[in-house]
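Peer 1: Structure incoming, see below.
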Amino acid sequence: MRAISALVIAGTHSGVGKTTVSLGLMAALRGRALRVQPFKIGRVCGTPSYNLDGWMLSEGYNRRSFVSNVQDKDVAVVEGMMGLYDGRSGATEEGSTAEMAKRLHLPVVLVVDAAAAARSVAAMTLGYREFDPKVRLVGVIFNRIAGPGHLKYLEEAFKSLPDLICFGGIPTDRRVTVPERHLGLTVAEEGWLGKSFIRRLARLIEEHVDLDRLLAHTCIKMIAPVAAPRKSARGQVPIAVAQDRAFCFYYPDNLAILKNAGAKIATFSPILDRGLPKGTQGIYLGGGYPELYAKELSRNRSMRAAIKGFIEAGGPVYAECGGFMYLTAALTDHTKRTHPMIGVFPFKIRMRQRLQALGYREVITVKTVFATRGEKIRGHEFHYSEIYGATGAQAIDAVYAIAGRGKQKLSEGYRYKNCLGSYVHLHFGSNPKFAHNFVAICRSAETPCLA
């Protein structure tokens, strides 16, 4: 056993600045030459950020993922979602940050938006601690304070809670505000997370958060990881993964599980590249923002033709959300301009002003080529676009029944030959057989269209 510092950065609610604080902490700690492992968010650390999820993934999977990924690190920073106690429902802690903190036995630091607040922050923090005493809440970081005088007032109020620590107060600085998109926070591929941004963010945290005290009060003992899953002994299968500004959302676990199943990942850009990587035997089109780059995607006719030809020849393709949108006949963006897409699926996609779907999904496979009938896989759905204008005579099968929706009518997922597209982001960790079957079909020399 060895000691490391590990903490959960939680918020009183969404929008309090968890992501800014988490990224800032990671940047500042990296600046001290510490090895930092991020979970959920953490592109500044030079290492993949892994998702922890109490609903999509089993308790054992979450624990194995956490333990195995921090073995060679000095600090682990887990960014929570929404508010500390917000989860899948209002009745239970399922899927909440609090649940995960308890399962992993991690201390919690609460980010409190102190703008326009004073002594009341002590009462609010006390409520978060007392709501579930099993959550190890060690202290707070105040965000958006007005200045040193305001912080002094907050610290005086906090003296009424002697067993909780104020680790600092961060003033408002619009130069380090993380931008947002309609799907939430933007991603590093969009270019905002540059070196100057990181340096400014790290300096802000170094100046206003007592990092030494924070590390001392979040020290835990780590156990050795369990044995990793055995990798496929067969030869590697070249699978092309779309990776650019338009397609940038992937669970790192999904790619790791594909590699473990025997995939050799080759990234490519549907915006810039003229064709698929040499030797491609399967394609994975992930999520992202194709609507922001619809013009560029549409203009790359060579790539569109290459992917469509691959699919028509029976090549295996898995596409989710943004990748699924790319496979349809056309995409109408927020400016109401319509751009031709690949056209494998005969319907079209258009962006809407209001959210069209949000939440966890458990899909039950019915006609998908990558899983046997009745398999359950968990994931999430989050998009502002909708399907419309189905045309053409292609045979399109609906492949998923969504658990918990009436009598499990076929309501998600579409199949054409060996191509599967869906709005649902599946987490392969919830059922690794899906990824192994995908790789197995990609391995097949003839890539047959399965009935």
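So you can find residues: chains in the structure tokens are A, B, ... in the order shown, residues in each start at 1, and ligands are numbered from 1 in order.
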Give me, as an mmCIF file with C-alpha atoms, in the first residue's frame, all polymer residues having an atom no more than 8 Å from Arg2 of chain A, counting only C-alpha atoms and skipping those fewer than 6 positions away in the same chain.
Peer 2:
```cif
data_model
loop_
_atom_site.group_PDB
_atom_site.id
_atom_site.type_symbol
_atom_site.label_atom_id
_atom_site.label_comp_id
_atom_site.auth_asym_id
_atom_site.auth_seq_id
_atom_site.Cartn_x
_atom_site.Cartn_y
_atom_site.Cartn_z
ATOM 1 C CA LYS A 221 -3.967 4.664 1.114
ATOM 2 C CA MET A 222 -4.046 2.913 -2.250
ATOM 3 C CA ILE A 223 -4.216 -0.827 -2.721
#
```
Peer 1: Counting only C-alpha atoms, what is within 7 Å of segment 292-305 of chain A, bar same-chain residues fewer than 2 positions away, as a list of chain:residue names?
Peer 2: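 Those residues are A:Ala246, A:Pro270, A:Ile271, A:Asp273, A:Arg274, A:Gly275, A:Tyr289, A:Pro290, A:Ile307, A:Lys308, A:Gly309, A:His339, A:Pro340, A:Met341, A:Ile342.
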Peer 1: Under the rule that only C-alpha atoms are counted, which of A:Thr92, A:Asn51, A:Ser385, A:Asn254 is the nearest residue to Asp132 of chain A?
Peer 2: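 Among the listed residues, the smallest separation from Asp132 of chain A belongs to A:Thr92.
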Peer 1: Tell me, as an MDAnalysis selection string, which residues lie within 7 Å of segment 278-288 of chain A, counting only C-alpha atoms; anything in the same chain fewer than 6 positions away does not count.
Peer 2: chainID A and resid 237:242 246:250 315:323 442:443
Peer 1: Could you list, as JSON, numbers by chain, every residue within 10 Å of Phe434 of chain A, counting only C-alpha atoms and ignoring same-chain residues fewer than 5 positions away?
Peer 2: {"A": [257, 258, 368, 369, 370, 371, 372, 375, 376, 377, 426, 427, 428, 429, 439, 440]}
Peer 1: Which is closest to Arg63 of chain A among A:Leu154, A:Leu29, A:Leu211, A:Ala224, if we use only C-alpha atoms?
Peer 2: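 The shortest atom-to-atom distance to Arg63 of chain A comes from A:Ala224.
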Peer 1: Just list as a ChimeraX atom specification whatever in segment 41-174 of chain A DSSP marks as helix (DSSP H, G or I).
Peer 2: /A:43-45,59-69,97-103,120-131,148-158,174
Peer 1: I want to know what sits within 10 Å of segment 10-12 of chain A, based on only C-alpha atoms, with residues of the same chain fewer than 3 positions away left out; could you give that as a VMD selection string?
Peer 2: chain A and resid 7 15 to 19 21 to 22 78 to 86 97 to 98 101 108 to 113 124 to 125 128 137 140 to 141
Peer 1: Kindly indicate which residue among A:Ala306, A:Ala202, A:Leu355, A:Ala398 lies nearest to Arg32 of chain A, using only C-alpha atoms for the distances.
Peer 2: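 Among A:Ala306, A:Ala202, A:Leu355, A:Ala398, it is A:Ala202 that comes nearest to Arg32 of chain A.
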Peer 1: Check the DSSP output for the backbone and give back, as a ChimeraX atom specification, the residues of segment 166-373 of chain A in strand (DSSP E).
Peer 2: /A:166-171,180-181,184-185,219-222,237-242,247-249,263-268,282-285,287-288,317-320,330-332,338-340,348-351,357-365
Peer 1: Using Å and a single decimal, report how far atom CA of Ile145 of chain A sits from atom CA of Glu206 of chain A.
Peer 2: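 Separation between atom CA of Glu206 of chain A and atom CA of Ile145 of chain A: 15.7 Å.
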Peer 1: For Gly24 of chain A, which residue among A:Glu386, A:Glu207, A:Glu94, A:Glu156 is the nearest when counting only C-alpha atoms?
Peer 2: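 When distances to Gly24 of chain A are compared using only C-alpha atoms, the smallest one comes from A:Glu207.
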Peer 1: Give me, as a VMD selection string, all polymer residues having an atom no more than 6 Å from Ile4 of chain A, counting only C-alpha atoms and skipping those fewer than 5 positions away in the same chain.
Peer 2: chain A and resid 74 to 75 219 to 220
Peer 1: Return the single residue from A:Pro107, A:Gly127, A:Gly262, A:Pro252 that is closest to Leu214 of chain A, with distances computed using only C-alpha atoms.
Peer 2: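 Comparing A:Pro107, A:Gly127, A:Gly262, A:Pro252 against Leu214 of chain A, the winner is A:Pro107.
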Peer 1: Nearest residue to Gly147 of chain A out of A:Arg199, A:His208, A:Arg337, A:Arg30, using only C-alpha atoms?
Peer 2: A:His208
Peer 1: Do you have the atom CA of Thr20 of chain A-atom CA of Val135 of chain A distance handy?
Peer 2: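 Going from atom CA of Thr20 of chain A over to atom CA of Val135 of chain A, I get 22.9 Å.
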Peer 1: Just the residues within 10 Å of Val77 of chain A, please, counting only C-alpha atoms, with nothing from its chain fewer than 2 positions along; format it as a PyMOL selection string.
Peer 2: chain A and resi 5-9+22-23+25-26+36-42+49+75+79-80
